[in-house]
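Trainee: Right, I'll just put the structure down here and ask away after.
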Amino acid sequence: MQEVSLYFHIPFCRRRCGYCDFNTFAGMNHYIPDYVKALCGEVEIVLSQAPEKLLAHTIFFGGGTPSLLQPEDFGRIFASVRRSVDVSGNAEITLEANPETVTRESITALYEVGFNRISFGMQSASGRDLHVLDRQHDNLSVLNAVQWSKQAGFKHINLDLIFGIPGQSLESWRQTLELASRLDIDHFSIYSLILEEGTRLKRWVDRGLLDNPDEDLAADMYEFTMDYLNQMGYQQYEISNWARSEEDQCRHNLQYWRYLSYLGFGAGAHGFWQDTRTENAGQILDYIRLAQNALQANFPAGPAVRQVNRLSLWDLLQENMMVSLRLTQEGVSNLELKERYQVNILEVLRIQIDKLLRQGLLESVEHENRLRLTRKGRLFGNRVFAEFVGNPNPNDLKN
Ligand code: SF4
């Protein structure tokens with residue numbers, strides 16, 4: 001049986017935060033019932049066409065703000081999933097939630113409907129930062145959300161944090177980490193703010209209303225984070241992710257970083273099945289219109305697909321390097337890639353790998369059988385990943 005991960009995109013938000021460029025929409029919550037129906041249809045159509053028996057071992061609801069759906073909505077979606085595919089007895093089932101959208105009762109109901117991991121967008125403990133980011137919550141709502149989740153029975157709780165916010169100081173970032181780590185949760189996802197084109201925050205910075213984030217300061221914050229969380233007992237296992245122990249790592253995201261198959265459902269959702277990438281229609285109404293037309297589906301593409309992309313073996317290998325090098329402990333295994341692609345990466349990517357080893361951005365471990373980022377490589381990850389984009393195929397790899 002083939003293990004697979006399922007991703008559900010919930011593109012609704014109460015209002016759009018100033019820094020956000022995700023596929024998400026405000027003011028459309030009245031479409032939620034139709035959207036849930038469309039998701040149920042899509043999942044049943046796609047999974048019923050799978051060429052082999054599948055076992056869902058992780059399910060992830062991301063957004064947007066998935067916590068805007070009612071627990072009964074998730075119950076309906078889970079029923080559709082279980083009608084179409086086996087779900088592992090110990091499947092990790094994650095919900096992304098905004099702290100201001102949950103209550104003690106809703107969190108209990110979410111646990112009872114089947115979620116066992118919950119992830120809150122905390123972002124910062126500073127009211128000033130939250131104001132700059134245009135977020136709707138405060139620290140009290142984060143504290144409550146975490147307490148209620150523990151009381152409901154959630155063993156796996158993640159907080160998302162952001163550093164490199166305009167005007168943020170190292171001391172204020174330290175206070176955020178201190179408060180967050182006092183909440184005694186098992187996982188952190190921590191990202192450097194990126195000013196995305198077309199966002200309100202980018203316009204404010206461009207007009208001089210806010211300072212441009214300082215890249216050197218952001219690098220100091222990242223280094224501080226690595227040391228601080230290490231002291232607090234968290235292990236970094238991915239360039240932006242820390243867990244208390246191996247069993248607390250996010251298994252759904254590990255599926256992405258290990259470059260394994262996942263299917264995406266919902267507006268704008270992406271999927272990856274063996275050598276094929278899919279992307280659904282991004283607009284909510286287009287998605288709802290398309291999602292239940294079984295005649296349009298051709299696994300792994302579902303009825304609402306707008307793009308299907310088959311990758312060559314060479315593209316797969318390069319992308320695999322780029323994605324898996326994000327794993328700061330595991331890195332990439334030469335032996336595993338040899339089994340997957342029938343080539344030795346130390347030969348076909350020798351020039352790129354040697355250069356990164358010389359620059360101290362990569363290190364080889366286990367007698368060259370594994371490559372991973374050094375501490376410096378984590379800071380300059382983008383330089384490392386760029387080495388595995390667009391290299392000419394050495395002809396060792398035939399499709
Ligand atoms: S809540 Fe999240 S997805 Fe929604 S607008 Fe804010 S950052 Fe974007």
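FYI, nothing fancy with the structure tokens labels: chains A, B, ... in order, residues from 1 per chain, ligands from 1 as they appear.
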Taking only C-alpha atoms and all ligand atoms and a cut-off of 9 Å, can you tell me which residues surround ligand 1, written as a PDB file with C-alpha atoms, in the first residue's frame?
Mentor:
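Output (selection.pdb):
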ATOM      1  CA  PRO A  11      -8.865  30.002   1.414  1.00  0.00           C
ATOM      2  CA  PHE A  12     -11.067  32.059   3.757  1.00  0.00           C
ATOM      3  CA  CYS A  13      -9.876  34.787   6.138  1.00  0.00           C
ATOM      4  CA  ARG A  14     -11.800  37.318   8.207  1.00  0.00           C
ATOM      5  CA  ARG A  15      -9.587  40.010   6.742  1.00  0.00           C
ATOM      6  CA  ARG A  16      -6.283  39.979   4.906  1.00  0.00           C
ATOM      7  CA  CYS A  17      -3.135  40.684   6.910  1.00  0.00           C
ATOM      8  CA  GLY A  18      -0.898  43.372   5.436  1.00  0.00           C
ATOM      9  CA  TYR A  19       2.036  41.040   4.655  1.00  0.00           C
ATOM     10  CA  CYS A  20       0.115  38.104   3.221  1.00  0.00           C
ATOM     11  CA  ASP A  21       0.274  36.961  -0.391  1.00  0.00           C
ATOM     12  CA  PHE A  22      -1.284  33.511   0.100  1.00  0.00           C
ATOM     13  CA  ASN A  23      -4.221  32.339  -1.981  1.00  0.00           C
ATOM     14  CA  THR A  24      -6.847  33.525   0.459  1.00  0.00           C
ATOM     15  CA  PHE A  25      -9.874  35.827   0.387  1.00  0.00           C
ATOM     16  CA  ALA A  26     -11.751  38.006   2.875  1.00  0.00           C
ATOM     17  CA  GLY A  62      -3.884  24.918   5.778  1.00  0.00           C
ATOM     18  CA  GLY A  63      -4.983  28.320   4.658  1.00  0.00           C
ATOM     19  CA  GLY A  64      -6.220  30.901   4.831  1.00  0.00           C
ATOM     20  CA  THR A  65      -7.895  30.307   8.153  1.00  0.00           C
ATOM     21  CA  ALA A  97      -5.837  28.063  13.260  1.00  0.00           C
ATOM     22  CA  ASN A  98      -5.778  31.735  14.074  1.00  0.00           C
ATOM     23  CA  GLY A 121      -0.265  31.761  13.945  1.00  0.00           C
ATOM     24  CA  LEU A 133       1.768  42.788  10.490  1.00  0.00           C
ATOM     25  CA  ASP A 134      -1.899  43.792  10.691  1.00  0.00           C
ATOM     26  CA  ARG A 135      -2.830  40.763  12.790  1.00  0.00           C
ATOM     27  CA  GLN A 136      -6.112  40.576  14.693  1.00  0.00           C
TER      28      GLN A 136
END
Trainee: What's around region 291-303 of chain A at 8 Å? Count only C-alpha atoms, leave out sequence neighbours fewer than 5 positions away in its own chain, and write the answer as JSON, numbers by chain.
Mentor: {"A": [38, 39, 41, 42, 45, 46, 49, 50, 51, 263, 271, 273, 276, 278, 280, 308]}
Trainee: May I have the residues from that selection written out with N, CA and C atoms, as a PDB file, in the first residue's frame?
Mentor:
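part_19.pdb written:
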ATOM      1  N   ALA A  38     -17.888  21.097  -2.181  1.00  0.00           N
ATOM      2  CA  ALA A  38     -16.989  20.918  -3.332  1.00  0.00           C
ATOM      3  C   ALA A  38     -15.761  20.090  -2.930  1.00  0.00           C
ATOM      4  N   LEU A  39     -15.219  20.365  -1.747  1.00  0.00           N
ATOM      5  CA  LEU A  39     -14.058  19.588  -1.277  1.00  0.00           C
ATOM      6  C   LEU A  39     -14.399  18.107  -1.155  1.00  0.00           C
ATOM      7  N   GLY A  41     -16.661  16.472  -2.775  1.00  0.00           N
ATOM      8  CA  GLY A  41     -16.771  15.915  -4.121  1.00  0.00           C
ATOM      9  C   GLY A  41     -15.407  15.673  -4.717  1.00  0.00           C
ATOM     10  N   GLU A  42     -14.519  16.675  -4.621  1.00  0.00           N
ATOM     11  CA  GLU A  42     -13.196  16.557  -5.237  1.00  0.00           C
ATOM     12  C   GLU A  42     -12.418  15.382  -4.644  1.00  0.00           C
ATOM     13  N   ILE A  45     -13.739  12.024  -5.875  1.00  0.00           N
ATOM     14  CA  ILE A  45     -13.441  11.777  -7.296  1.00  0.00           C
ATOM     15  C   ILE A  45     -11.965  11.414  -7.473  1.00  0.00           C
ATOM     16  N   VAL A  46     -11.088  12.209  -6.892  1.00  0.00           N
ATOM     17  CA  VAL A  46      -9.652  11.983  -7.104  1.00  0.00           C
ATOM     18  C   VAL A  46      -9.212  10.659  -6.489  1.00  0.00           C
ATOM     19  N   GLN A  49      -9.942   7.386  -8.172  1.00  0.00           N
ATOM     20  CA  GLN A  49      -9.202   7.086  -9.410  1.00  0.00           C
ATOM     21  C   GLN A  49      -7.742   6.667  -9.162  1.00  0.00           C
ATOM     22  N   ALA A  50      -7.350   6.595  -7.925  1.00  0.00           N
ATOM     23  CA  ALA A  50      -5.931   6.270  -7.641  1.00  0.00           C
ATOM     24  C   ALA A  50      -5.570   4.916  -8.253  1.00  0.00           C
ATOM     25  N   PRO A  51      -4.392   4.815  -8.889  1.00  0.00           N
ATOM     26  CA  PRO A  51      -4.024   3.595  -9.584  1.00  0.00           C
ATOM     27  C   PRO A  51      -3.628   2.460  -8.638  1.00  0.00           C
ATOM     28  N   LEU A 263      -1.298  14.765  -2.168  1.00  0.00           N
ATOM     29  CA  LEU A 263      -2.371  15.223  -3.047  1.00  0.00           C
ATOM     30  C   LEU A 263      -2.973  16.473  -2.430  1.00  0.00           C
ATOM     31  N   GLY A 271      -0.400  19.682  -5.701  1.00  0.00           N
ATOM     32  CA  GLY A 271      -0.160  18.280  -5.389  1.00  0.00           C
ATOM     33  C   GLY A 271       1.114  17.810  -6.086  1.00  0.00           C
ATOM     34  N   TRP A 273       2.633  13.976  -7.279  1.00  0.00           N
ATOM     35  CA  TRP A 273       2.470  12.519  -7.288  1.00  0.00           C
ATOM     36  C   TRP A 273       3.548  11.934  -8.182  1.00  0.00           C
ATOM     37  N   THR A 276       4.687  14.103 -11.132  1.00  0.00           N
ATOM     38  CA  THR A 276       3.710  15.053 -11.674  1.00  0.00           C
ATOM     39  C   THR A 276       3.274  16.060 -10.617  1.00  0.00           C
ATOM     40  N   THR A 278       0.568  19.138  -9.711  1.00  0.00           N
ATOM     41  CA  THR A 278      -0.746  19.651 -10.115  1.00  0.00           C
ATOM     42  C   THR A 278      -1.029  20.937  -9.346  1.00  0.00           C
ATOM     43  N   ASN A 280      -4.544  23.489  -8.608  1.00  0.00           N
ATOM     44  CA  ASN A 280      -5.972  23.725  -8.830  1.00  0.00           C
ATOM     45  C   ASN A 280      -6.269  25.173  -9.162  1.00  0.00           C
ATOM     46  N   VAL A 308      -1.012  21.042 -14.971  1.00  0.00           N
ATOM     47  CA  VAL A 308      -0.386  19.743 -14.690  1.00  0.00           C
ATOM     48  C   VAL A 308       1.003  19.800 -15.302  1.00  0.00           C
TER      49      VAL A 308
END
Trainee: With only C-alpha atoms as the atoms that count, which of A:Ile59, A:Leu379, A:Glu96, A:Leu357 lies nearest to Ser192 (chain A)?
Mentor: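 Under the stated criterion, the closest residue is A:Leu379.
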Trainee: Residues near Asn253 (chain A), anyone? I mean within 12 Å using only C-alpha atoms, not counting same-chain ones fewer than 2 positions away, as a short mmCIF file (atom, residue, chain, number, x, y, z; two decimals) with N, CA and C atoms, in the first residue's frame.
Mentor:
data_model
loop_
_atom_site.label_atom_id
_atom_site.label_comp_id
_atom_site.auth_asym_id
_atom_site.auth_seq_id
_atom_site.Cartn_x
_atom_site.Cartn_y
_atom_site.Cartn_z
N VAL A 4 0.44 8.13 1.49
CA VAL A 4 0.29 9.42 0.84
C VAL A 4 -0.15 10.45 1.89
N SER A 5 0.13 11.71 1.60
CA SER A 5 -0.31 12.79 2.47
C SER A 5 -1.39 13.58 1.73
N LEU A 6 -2.36 14.08 2.48
CA LEU A 6 -3.45 14.84 1.87
C LEU A 6 -3.42 16.27 2.42
N TYR A 7 -3.45 17.25 1.51
CA TYR A 7 -3.48 18.65 1.93
C TYR A 7 -4.80 19.28 1.50
N HIS A 57 -1.43 8.88 5.58
CA HIS A 57 -0.78 8.85 6.90
C HIS A 57 -0.63 10.24 7.50
N THR A 58 -0.86 11.28 6.67
CA THR A 58 -0.98 12.62 7.24
C THR A 58 -2.07 13.37 6.48
N ILE A 59 -2.79 14.22 7.21
CA ILE A 59 -3.81 15.08 6.60
C ILE A 59 -3.59 16.47 7.20
N PHE A 60 -3.58 17.48 6.35
CA PHE A 60 -3.23 18.82 6.83
C PHE A 60 -4.22 19.83 6.25
N PHE A 61 -4.84 20.62 7.11
CA PHE A 61 -5.71 21.71 6.65
C PHE A 61 -4.96 23.02 6.85
N GLY A 62 -4.62 23.66 5.71
CA GLY A 62 -3.88 24.92 5.78
C GLY A 62 -4.68 26.03 5.11
N GLU A 92 -1.29 11.57 11.37
CA GLU A 92 -1.17 12.92 11.94
C GLU A 92 -2.21 13.79 11.21
N ILE A 93 -3.09 14.45 11.97
CA ILE A 93 -4.15 15.24 11.33
C ILE A 93 -4.09 16.66 11.92
N THR A 94 -3.63 17.60 11.08
CA THR A 94 -3.28 18.94 11.57
C THR A 94 -4.27 19.98 11.10
N SER A 189 7.47 26.75 14.08
CA SER A 189 7.83 27.07 12.69
C SER A 189 8.14 28.56 12.68
N TYR A 237 15.25 20.72 12.98
CA TYR A 237 15.32 19.59 12.03
C TYR A 237 15.11 20.05 10.60
N GLU A 238 14.67 21.31 10.45
CA GLU A 238 14.50 21.88 9.12
C GLU A 238 14.91 23.33 9.24
N SER A 240 13.56 26.04 8.97
CA SER A 240 12.64 26.93 9.70
C SER A 240 11.82 26.21 10.76
N ASN A 241 12.22 24.99 11.15
CA ASN A 241 11.36 24.22 12.06
C ASN A 241 12.15 23.55 13.17
N ASP A 248 7.95 14.55 17.64
CA ASP A 248 7.16 15.79 17.57
C ASP A 248 7.34 16.52 16.23
N GLN A 249 8.21 16.00 15.37
CA GLN A 249 8.40 16.66 14.07
C GLN A 249 7.11 16.56 13.26
N CYS A 250 6.89 17.54 12.39
CA CYS A 250 5.65 17.55 11.61
C CYS A 250 5.77 16.53 10.47
N ARG A 251 5.04 15.43 10.59
CA ARG A 251 5.18 14.35 9.60
C ARG A 251 4.65 14.78 8.24
N GLN A 255 6.94 14.93 4.66
CA GLN A 255 6.60 14.31 3.37
C GLN A 255 7.04 15.24 2.22
N TYR A 256 6.83 16.56 2.37
CA TYR A 256 7.27 17.51 1.34
C TYR A 256 8.79 17.50 1.24
N TRP A 257 9.44 17.62 2.41
CA TRP A 257 10.90 17.79 2.40
C TRP A 257 11.62 16.51 1.98
N ARG A 258 10.98 15.38 2.19
CA ARG A 258 11.58 14.12 1.72
C ARG A 258 11.20 13.85 0.28
N TYR A 259 10.47 14.78 -0.29
CA TYR A 259 10.12 14.74 -1.71
C TYR A 259 9.27 13.52 -2.04
N LEU A 260 8.26 13.30 -1.17
CA LEU A 260 7.36 12.18 -1.36
C LEU A 260 5.97 12.70 -1.78
N SER A 261 5.12 11.77 -2.20
CA SER A 261 3.85 12.19 -2.83
C SER A 261 2.84 12.77 -1.84
N TYR A 262 2.13 13.80 -2.32
CA TYR A 262 0.99 14.33 -1.58
C TYR A 262 -0.04 14.80 -2.59
N VAL A 323 14.89 20.63 -2.13
CA VAL A 323 13.88 20.49 -1.08
C VAL A 323 14.46 19.75 0.13
N SER A 324 15.18 18.66 -0.12
CA SER A 324 15.62 17.82 1.00
C SER A 324 16.80 18.42 1.76
N ARG A 326 16.81 21.19 2.88
CA ARG A 326 16.20 21.99 3.95
C ARG A 326 16.25 21.22 5.29
N LEU A 327 16.32 19.90 5.20
CA LEU A 327 16.33 19.07 6.43
C LEU A 327 17.72 19.17 7.05
#
Trainee: Using DSSP on the backbone coordinates, identify the residues of region 243-298 of chain A assigned to alpha helix (DSSP H); present them as a list in words.
Mentor: Arg251, His252, Asn253, Leu254, Gln255, Tyr256, Trp257, Ile284, Leu285, Asp286, Tyr287, Ile288, Arg289 and Leu290 of chain A
Trainee: A:Ile157, A:Thr199, A:Gly264, A:Asn90: which is nearest Leu47 (chain A), counting only C-alpha atoms?
Mentor: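 Closest to Leu47 (chain A) of all the choices is A:Gly264.
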Trainee: Just want the 9 Å neighbourhood of Ile107 (chain A), counted on only C-alpha atoms, with same-chain residues fewer than 4 positions away dropped. Output as a ChimeraX atom specification.
Mentor: /A:71,102-103,111-112,145,148-149,152
Trainee: The selected residues should be written to file as an mmCIF file, in the first residue's frame (atoms: C-alpha atoms).
Mentor:
data_model
loop_
_atom_site.group_PDB
_atom_site.id
_atom_site.type_symbol
_atom_site.label_atom_id
_atom_site.label_comp_id
_atom_site.auth_asym_id
_atom_site.auth_seq_id
_atom_site.Cartn_x
_atom_site.Cartn_y
_atom_site.Cartn_z
ATOM 1 C CA PRO A 71 -16.191 21.150 13.368
ATOM 2 C CA VAL A 102 -11.157 29.645 18.462
ATOM 3 C CA THR A 103 -12.956 29.134 21.771
ATOM 4 C CA TYR A 111 -10.158 17.451 18.827
ATOM 5 C CA GLU A 112 -13.232 15.256 19.040
ATOM 6 C CA ALA A 145 -5.723 28.924 22.555
ATOM 7 C CA TRP A 148 -7.519 25.111 25.704
ATOM 8 C CA SER A 149 -5.732 22.882 23.179
ATOM 9 C CA ALA A 152 -8.789 19.306 25.011
#
Trainee: What's the 8 Å shell around Gly167 (chain A), counting only C-alpha atoms, without same-chain residues fewer than 2 positions away, as a list in words?
Mentor: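 The filter keeps Asp129, Ile165, Ser169, Leu210, Asp211 and Pro213 of chain A.
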Trainee: Can I get the selected residues back with N, CA, C and O atoms, as an mmCIF file, in the first residue's frame?
Mentor:
data_model
loop_
_atom_site.group_PDB
_atom_site.id
_atom_site.type_symbol
_atom_site.label_atom_id
_atom_site.label_comp_id
_atom_site.auth_asym_id
_atom_site.auth_seq_id
_atom_site.Cartn_x
_atom_site.Cartn_y
_atom_site.Cartn_z
ATOM 1 N N ASP A 129 4.633 44.753 16.834
ATOM 2 C CA ASP A 129 4.866 43.898 15.658
ATOM 3 C C ASP A 129 3.545 43.416 15.074
ATOM 4 O O ASP A 129 3.362 43.392 13.849
ATOM 5 N N ILE A 165 10.741 41.757 11.224
ATOM 6 C CA ILE A 165 9.617 42.684 11.010
ATOM 7 C C ILE A 165 10.154 44.115 11.068
ATOM 8 O O ILE A 165 11.016 44.419 11.912
ATOM 9 N N SER A 169 13.343 44.862 17.182
ATOM 10 C CA SER A 169 14.724 44.805 17.678
ATOM 11 C C SER A 169 15.048 43.368 18.087
ATOM 12 O O SER A 169 14.142 42.544 18.286
ATOM 13 N N LEU A 210 7.339 52.748 6.775
ATOM 14 C CA LEU A 210 7.996 51.793 7.682
ATOM 15 C C LEU A 210 9.402 51.553 7.163
ATOM 16 O O LEU A 210 9.645 51.636 5.959
ATOM 17 N N ASP A 211 10.315 51.190 8.086
ATOM 18 C CA ASP A 211 11.692 50.904 7.659
ATOM 19 C C ASP A 211 11.743 49.605 6.881
ATOM 20 O O ASP A 211 11.001 48.665 7.179
ATOM 21 N N PRO A 213 13.090 46.056 6.300
ATOM 22 C CA PRO A 213 13.717 45.138 7.262
ATOM 23 C C PRO A 213 15.226 45.063 7.009
ATOM 24 O O PRO A 213 15.668 45.025 5.868
#
Trainee: I want to know what sits within 12 Å of Leu217 (chain A), based on only C-alpha atoms, with residues of the same chain fewer than 4 positions away left out; could you give that as a list in words?
Mentor: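 The filter keeps Phe163, Gly164, Ile165, Pro166, Gly167, Gln168, Ser169, Leu170, Glu171, Trp173, Ser192, Asn212, Pro213, Met221, Tyr222, Glu223 and Phe224 of chain A.
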Trainee: Selected residues, C-alpha atoms, written as a PDB file, in the first residue's frame, please.
Mentor:
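Okay, part02.pdb is ready:
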ATOM      1  CA  PHE A 163      11.216  37.681  12.650  1.00  0.00           C
ATOM      2  CA  GLY A 164      12.717  40.497  10.586  1.00  0.00           C
ATOM      3  CA  ILE A 165       9.617  42.684  11.010  1.00  0.00           C
ATOM      4  CA  PRO A 166      10.204  46.390  10.243  1.00  0.00           C
ATOM      5  CA  GLY A 167      11.226  48.149  13.447  1.00  0.00           C
ATOM      6  CA  GLN A 168      11.661  44.895  15.421  1.00  0.00           C
ATOM      7  CA  SER A 169      14.724  44.805  17.678  1.00  0.00           C
ATOM      8  CA  LEU A 170      16.766  41.769  18.694  1.00  0.00           C
ATOM      9  CA  GLU A 171      15.596  42.326  22.280  1.00  0.00           C
ATOM     10  CA  TRP A 173      12.515  39.118  19.238  1.00  0.00           C
ATOM     11  CA  SER A 192      11.924  35.532   8.238  1.00  0.00           C
ATOM     12  CA  ASN A 212      12.943  48.299   5.232  1.00  0.00           C
ATOM     13  CA  PRO A 213      13.717  45.138   7.262  1.00  0.00           C
ATOM     14  CA  MET A 221      17.849  37.022  14.858  1.00  0.00           C
ATOM     15  CA  TYR A 222      18.032  33.702  13.022  1.00  0.00           C
ATOM     16  CA  GLU A 223      21.342  32.815  14.699  1.00  0.00           C
ATOM     17  CA  PHE A 224      19.939  33.863  18.057  1.00  0.00           C
TER      18      PHE A 224
END
Trainee: Considering only C-alpha atoms, state which residue in the set A:Leu201, A:Met322, A:Ala180, A:Ala304 is at the smallest distance from His131 (chain A).
Mentor: A:Leu201
Trainee: Excluding same-chain residues fewer than 3 positions from Leu161 (chain A), what lies within 7 Å of it counting only C-alpha atoms, as a PDB file with all heavy atoms, in the first residue's frame?
Mentor:
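Full text of selection.pdb as output:
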ATOM      1  N   GLY A 121      -1.066  30.646  14.437  1.00  0.00           N
ATOM      2  CA  GLY A 121      -0.265  31.761  13.945  1.00  0.00           C
ATOM      3  C   GLY A 121      -0.097  32.790  15.050  1.00  0.00           C
ATOM      4  O   GLY A 121      -0.939  33.667  15.213  1.00  0.00           O
ATOM      5  N   MET A 122       0.979  32.667  15.829  1.00  0.00           N
ATOM      6  CA  MET A 122       1.238  33.638  16.902  1.00  0.00           C
ATOM      7  C   MET A 122       2.012  34.828  16.323  1.00  0.00           C
ATOM      8  O   MET A 122       1.737  35.967  16.643  1.00  0.00           O
ATOM      9  CB  MET A 122       2.048  32.976  18.023  1.00  0.00           C
ATOM     10  CG  MET A 122       2.518  33.944  19.080  1.00  0.00           C
ATOM     11  SD  MET A 122       3.442  33.103  20.389  1.00  0.00           S
ATOM     12  CE  MET A 122       3.966  34.503  21.374  1.00  0.00           C
ATOM     13  N   GLN A 123       3.022  34.555  15.542  1.00  0.00           N
ATOM     14  CA  GLN A 123       3.870  35.525  14.828  1.00  0.00           C
ATOM     15  C   GLN A 123       4.780  36.341  15.730  1.00  0.00           C
ATOM     16  O   GLN A 123       5.966  36.388  15.531  1.00  0.00           O
ATOM     17  CB  GLN A 123       3.065  36.463  13.907  1.00  0.00           C
ATOM     18  CG  GLN A 123       1.928  35.810  13.106  1.00  0.00           C
ATOM     19  CD  GLN A 123       2.312  34.548  12.355  1.00  0.00           C
ATOM     20  OE1 GLN A 123       3.452  34.110  12.410  1.00  0.00           O
ATOM     21  NE2 GLN A 123       1.360  33.918  11.691  1.00  0.00           N
ATOM     22  N   SER A 124       4.233  37.009  16.754  1.00  0.00           N
ATOM     23  CA  SER A 124       5.087  37.818  17.635  1.00  0.00           C
ATOM     24  C   SER A 124       4.368  38.026  18.957  1.00  0.00           C
ATOM     25  O   SER A 124       3.132  37.966  19.003  1.00  0.00           O
ATOM     26  CB  SER A 124       5.361  39.174  16.979  1.00  0.00           C
ATOM     27  OG  SER A 124       6.017  40.016  17.896  1.00  0.00           O
ATOM     28  N   SER A 189       7.468  26.754  14.076  1.00  0.00           N
ATOM     29  CA  SER A 189       7.828  27.074  12.691  1.00  0.00           C
ATOM     30  C   SER A 189       8.141  28.564  12.676  1.00  0.00           C
ATOM     31  O   SER A 189       7.294  29.378  13.068  1.00  0.00           O
ATOM     32  CB  SER A 189       6.655  26.817  11.740  1.00  0.00           C
ATOM     33  OG  SER A 189       6.356  25.454  11.699  1.00  0.00           O
ATOM     34  N   ILE A 190       9.360  28.911  12.247  1.00  0.00           N
ATOM     35  CA  ILE A 190       9.820  30.297  12.408  1.00  0.00           C
ATOM     36  C   ILE A 190      10.384  30.800  11.086  1.00  0.00           C
ATOM     37  O   ILE A 190      11.326  30.218  10.541  1.00  0.00           O
ATOM     38  CB  ILE A 190      10.886  30.368  13.519  1.00  0.00           C
ATOM     39  CG1 ILE A 190      10.276  29.847  14.823  1.00  0.00           C
ATOM     40  CG2 ILE A 190      11.407  31.785  13.669  1.00  0.00           C
ATOM     41  CD1 ILE A 190      11.183  29.900  16.022  1.00  0.00           C
ATOM     42  N   TYR A 191       9.800  31.874  10.577  1.00  0.00           N
ATOM     43  CA  TYR A 191      10.171  32.376   9.247  1.00  0.00           C
ATOM     44  C   TYR A 191      10.634  33.817   9.324  1.00  0.00           C
ATOM     45  O   TYR A 191      10.174  34.588  10.168  1.00  0.00           O
ATOM     46  CB  TYR A 191       8.974  32.284   8.300  1.00  0.00           C
ATOM     47  CG  TYR A 191       8.546  30.850   8.096  1.00  0.00           C
ATOM     48  CD1 TYR A 191       7.548  30.282   8.880  1.00  0.00           C
ATOM     49  CD2 TYR A 191       9.182  30.043   7.156  1.00  0.00           C
ATOM     50  CE1 TYR A 191       7.191  28.950   8.727  1.00  0.00           C
ATOM     51  CE2 TYR A 191       8.830  28.716   6.990  1.00  0.00           C
ATOM     52  CZ  TYR A 191       7.836  28.182   7.789  1.00  0.00           C
ATOM     53  OH  TYR A 191       7.493  26.858   7.640  1.00  0.00           O
TER      54      TYR A 191
END
Trainee: Looking at A:Glu3, A:Glu387, A:Asp354, A:Asp275, which one is nearest to Asp86 (chain A), with distances taken over only C-alpha atoms?
Mentor: A:Glu3
Trainee: Would you give me, as an MDAnalysis selection string, the residues in region 114-263 of chain A that DSSP reads as strand (DSSP E)?
Mentor: chainID A and resid 117:123 156:163 187:192 235:238 241:243 262:263
Trainee: Those same residues - C-alpha atoms - I'd like them written as a PDB file, in the first residue's frame.
Mentor:
ATOM      1  CA  ARG A 117      -2.171  18.409  15.909  1.00  0.00           C
ATOM      2  CA  ILE A 118      -2.949  22.135  15.935  1.00  0.00           C
ATOM      3  CA  SER A 119      -0.869  25.034  14.677  1.00  0.00           C
ATOM      4  CA  PHE A 120      -1.486  28.637  15.704  1.00  0.00           C
ATOM      5  CA  GLY A 121      -0.265  31.761  13.945  1.00  0.00           C
ATOM      6  CA  MET A 122       1.238  33.638  16.902  1.00  0.00           C
ATOM      7  CA  GLN A 123       3.870  35.525  14.828  1.00  0.00           C
ATOM      8  CA  HIS A 156       1.121  18.271  19.284  1.00  0.00           C
ATOM      9  CA  ILE A 157       0.901  22.061  19.233  1.00  0.00           C
ATOM     10  CA  ASN A 158       2.854  24.349  16.918  1.00  0.00           C
ATOM     11  CA  LEU A 159       3.309  28.095  16.993  1.00  0.00           C
ATOM     12  CA  ASP A 160       4.248  30.052  13.855  1.00  0.00           C
ATOM     13  CA  LEU A 161       6.561  32.993  14.529  1.00  0.00           C
ATOM     14  CA  ILE A 162       8.006  35.685  12.251  1.00  0.00           C
ATOM     15  CA  PHE A 163      11.216  37.681  12.650  1.00  0.00           C
ATOM     16  CA  HIS A 187       6.987  22.573  17.868  1.00  0.00           C
ATOM     17  CA  PHE A 188       7.896  25.940  16.314  1.00  0.00           C
ATOM     18  CA  SER A 189       7.828  27.074  12.691  1.00  0.00           C
ATOM     19  CA  ILE A 190       9.820  30.297  12.408  1.00  0.00           C
ATOM     20  CA  TYR A 191      10.171  32.376   9.247  1.00  0.00           C
ATOM     21  CA  SER A 192      11.924  35.532   8.238  1.00  0.00           C
ATOM     22  CA  GLN A 235      16.063  20.460  18.051  1.00  0.00           C
ATOM     23  CA  GLN A 236      16.205  22.153  14.689  1.00  0.00           C
ATOM     24  CA  TYR A 237      15.325  19.595  12.032  1.00  0.00           C
ATOM     25  CA  GLU A 238      14.498  21.884   9.117  1.00  0.00           C
ATOM     26  CA  ASN A 241      11.363  24.220  12.055  1.00  0.00           C
ATOM     27  CA  TRP A 242      12.162  23.038  15.571  1.00  0.00           C
ATOM     28  CA  ALA A 243      10.693  20.137  17.565  1.00  0.00           C
ATOM     29  CA  TYR A 262       0.988  14.332  -1.580  1.00  0.00           C
ATOM     30  CA  LEU A 263      -2.371  15.223  -3.047  1.00  0.00           C
TER      31      LEU A 263
END
Trainee: CA of Gly282 (chain A) to CA of His137 (chain A): how many Å, to one decimal?
Mentor: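 So the answer is 27.0 Å.
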Trainee: Which residue is closest to Glu339 (chain A)? Choose from A:Leu317, A:Arg83, A:Phe272, A:Asp184 and count only C-alpha atoms.
Mentor: A:Leu317
Trainee: Counting only C-alpha atoms, figure out which residue out of A:Phe380, A:Phe385, A:Tyr31, A:Phe154 gets nearest to Gln283 (chain A).
Mentor: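 Using only C-alpha atoms, Gln283 (chain A) sits closest to A:Tyr31.
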Trainee: What does the structure give for the distance between CA of Asn344 (chain A) and CA of Asn309 (chain A), in Å to one decimal?
Mentor: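 Between CA of Asn344 (chain A) and CA of Asn309 (chain A) the gap is 25.3 Å.
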Trainee: If I take CA of Glu72 (chain A) and CA of Leu95 (chain A), how far is one from the other in Å, to one decimal?
Mentor: 14.0 Å
